[in-house]
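Student: My questions all concern the structure below.
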Amino acid sequence: MTVTEPLRESVKAPRGYLVVGRAVAIPMRRASVLAGAGLLVLLLAAAVATLTWGRLGLDLADLPAALVGDAEGKDRFVFNRLRGPRLTVAIGVGAALGLSGALFQSVTRNPLGSPDVIGLSAGAGAGAAICALMFPDTVPVAVGALIGAVVAMALVYVSTGTGFRNPARLVIAGIGVAAMGAAVTQYVVYALERDKASVLTAYVNGSLTARSWTDATTIWLVLLATAPLTALISRRLDIGEMGDDIAEGLGSEPRKAKTLAVVLAIALSAAAVSVSGPIAFIALTAPQIARRLTRGSGPHLLLSALTGGLLLVAADLCAQQLPLFEDLPVGIYTMAIGGAYLGHLLVREWRRGVL
């Protein structure tokens, strides 16, 4: 019997898991199913509110026609140009960030870890600043952000000396790259005319304004492409939380699983940044909320994706409907949500006597 045979036998166990073939075992715990159902209901409610609330909102009775493509006149314009693409991008970006954060936190075993920590968002901001202010008619801002994110991840990969395999080195190198990216952004903005820098305000903070179906297609194609690989390593990441030595003994190859998880997290975050800009705190808070909903161990990948989608749709609903702050980028609201949640955690831990 080889080392991997016990692992295969455990994966085939039907109780508590949905098994697909010989390689994929999806946890189906009762608490996770109930939490997932609740998140789906809340996400559906937030989506309906996004499409129907406000001065240009669709009538609830006309919503089914719009969803199947039979809307006409104003409803057709609102759904196809204003609300529909924005909602679809919000769900996709939120899911990508939530899933990315869950993968990263599972690898680093750090509840405060997220792709932002390793400099991805700062690199994207620097790339966006350079393209928007130095090459405004040559390279689109979204492409510049994607290039900046890729360059930042390449620097992190080289700086660690071990690629993405060592979580501690990954975080340390990422903090340094994030500082460099922020410095580049500030220098470019300061060195050029400040009125030109205004075009960056919404993008650098994260925005869903004027999104198109092309943006929606981009983020959802990346989600669909990464979903099978994420499902393949989900069980290995679950086993990896028991420790690398135990995981190695069970044949789960924790180093390969961690490297693939980091690569997938970077791909998901880079895709999200390319269509919406660097939206803060979703990748950090969504996995923690998902974990607390079930009070169970494991990376909770699917629940983190659902939570991320719900958080971003709710934040964007606030950005569209709150009358006090017109046209405020959605990233400002996610910062407020993340700050409030972190404050809640600090108070909770202080009351427990941990801090």
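The way I read the labels, and the way they are meant: chains A, B, ... in the order of the structure tokens, residue 1 as the first residue of every chain, and ligand 1 as the first ligand shown, with later ones counted on from there.
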Run DSSP on the backbone and tell me which residues of segment 220-289 of chain A come out as helix (DSSP H, G or I); list them as an MDAnalysis selection string.
Tutor: chainID A and resid 220:240 244:249 254:276 282:289
Student: Any idea what's packed within 9 Å of segment 110-122 of chain A, counting only C-alpha atoms, ignoring anything in its chain fewer than 3 positions away? Could you give it as a ChimeraX atom specification?
Tutor: /A:97,100-107,125-127,145,148-153,156,170-182,185,204,262,265-266,269-270,273,277-281,283-285,287-288
Student: Which of these, A:Ala231, A:Ala47, A:Leu237, A:Leu58, has the shortest distance to Arg255 of chain A once you count only C-alpha atoms?
Tutor: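 Nearest to Arg255 of chain A: A:Leu237.
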Student: Select from segment 24-138 of chain A everything DSSP, run on the backbone, classes as strand (DSSP E), then give the selection as a ChimeraX atom specification.
Tutor: /A:24-27
Student: Go ahead and save the residues from that selection, with N, CA and C atoms, as an mmCIF file, in the first residue's frame.
Tutor:
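What landed in again.cif:
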data_model
loop_
_atom_site.group_PDB
_atom_site.id
_atom_site.type_symbol
_atom_site.label_atom_id
_atom_site.label_comp_id
_atom_site.auth_asym_id
_atom_site.auth_seq_id
_atom_site.Cartn_x
_atom_site.Cartn_y
_atom_site.Cartn_z
ATOM 1 N N VAL A 24 -11.731 14.695 -6.123
ATOM 2 C CA VAL A 24 -12.394 15.844 -5.517
ATOM 3 C C VAL A 24 -13.354 15.384 -4.431
ATOM 4 N N ALA A 25 -13.204 15.937 -3.242
ATOM 5 C CA ALA A 25 -14.124 15.670 -2.138
ATOM 6 C C ALA A 25 -14.505 17.003 -1.518
ATOM 7 N N ILE A 26 -15.759 17.402 -1.673
ATOM 8 C CA ILE A 26 -16.221 18.699 -1.196
ATOM 9 C C ILE A 26 -16.933 18.516 0.141
ATOM 10 N N PRO A 27 -16.486 19.206 1.199
ATOM 11 C CA PRO A 27 -17.156 19.084 2.498
ATOM 12 C C PRO A 27 -18.615 19.512 2.416
#
Student: For atom CA of Tyr190 of chain A and atom CA of Ala210 of chain A, quote the distance in Å rounded to one decimal.
Tutor: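 Atom CA of Ala210 of chain A lies 27.0 Å from atom CA of Tyr190 of chain A.
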Student: Can you tell me how far atom CA of Phe325 of chain A sits from atom CA of Val141 of chain A, in Å to one decimal?
Tutor: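 Atom CA of Val141 of chain A lies 24.8 Å from atom CA of Phe325 of chain A.
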Student: To one decimal place in Å, what is the distance between atom CA of Arg291 of chain A and atom CA of Ala305 of chain A?
Tutor: 11.8 Å
Student: Which residues come within 12 Å of Thr214 of chain A, counting only C-alpha atoms, excluding same-chain residues fewer than 5 positions away, as a PyMOL selection string?
Tutor: chain A and resi 80-81+84-86+88-89+219-221+274-275
Student: Pick the closest to Arg109 of chain A from A:Ala168, A:Ala271, A:Ala227, A:Ala132: which is it, counting only C-alpha atoms?
Tutor: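 Of the candidates, the smallest distance to Arg109 of chain A is held by A:Ala168.
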Student: For Ala65 of chain A, which residue out of A:Val222, A:Val33, A:Pro299, A:Phe79 is the nearest one, using only C-alpha atoms?
Tutor: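 Checking each candidate against Ala65 of chain A, we get A:Phe79 as the closest.
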Student: List the spatial neighbours of Thr334 of chain A as an MDAnalysis selection string - criterion: any atom at most 8 Å away, only C-alpha atoms, same-chain residues fewer than 3 positions off excluded.
Tutor: chainID A and resid 279:282 311:312 315 330:331 337:338
Student: Could you dump the residues just selected with N, CA and C atoms as a short mmCIF file (atom, residue, chain, number, x, y, z; two decimals), in the first residue's frame?
Tutor:
data_model
loop_
_atom_site.label_atom_id
_atom_site.label_comp_id
_atom_site.auth_asym_id
_atom_site.auth_seq_id
_atom_site.Cartn_x
_atom_site.Cartn_y
_atom_site.Cartn_z
N ILE A 279 -9.85 46.73 -4.33
CA ILE A 279 -10.90 46.90 -3.32
C ILE A 279 -10.42 46.26 -2.02
N ALA A 280 -10.36 47.06 -0.97
CA ALA A 280 -9.75 46.62 0.28
C ALA A 280 -10.71 45.83 1.16
N PHE A 281 -10.14 44.98 2.00
CA PHE A 281 -10.77 44.31 3.13
C PHE A 281 -11.71 43.15 2.79
N ILE A 282 -12.17 43.01 1.56
CA ILE A 282 -13.05 41.88 1.24
C ILE A 282 -12.28 40.57 1.40
N LEU A 311 -20.75 40.78 0.58
CA LEU A 311 -20.18 42.00 1.15
C LEU A 311 -20.01 43.09 0.09
N LEU A 312 -19.51 42.70 -1.08
CA LEU A 312 -19.26 43.71 -2.10
C LEU A 312 -20.57 44.24 -2.70
N ALA A 315 -21.94 46.61 -0.15
CA ALA A 315 -21.18 47.86 -0.14
C ALA A 315 -21.52 48.71 -1.36
N VAL A 330 -16.74 52.44 -4.21
CA VAL A 330 -17.19 51.34 -3.35
C VAL A 330 -16.09 50.89 -2.40
N GLY A 331 -14.82 51.08 -2.80
CA GLY A 331 -13.72 50.70 -1.94
C GLY A 331 -13.70 51.44 -0.62
N ILE A 337 -16.47 48.81 6.21
CA ILE A 337 -16.94 47.49 6.67
C ILE A 337 -15.81 46.72 7.32
N GLY A 338 -14.64 46.71 6.66
CA GLY A 338 -13.51 45.99 7.22
C GLY A 338 -13.03 46.58 8.52
#
Student: In terms of the shortest atom-to-atom distance over only C-alpha atoms, which of A:Val78, A:Ala96, A:Ile147, A:Leu260 is closest to Leu303 of chain A?
Tutor: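 Distance minimum relative to Leu303 of chain A lands on A:Ala96.
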Student: Which is closest to Leu306 of chain A among A:Ala46, A:Ala340, A:Ile332, A:Ala290, if we use only C-alpha atoms?
Tutor: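 For Leu306 of chain A, the nearest of the given residues is A:Ala290.
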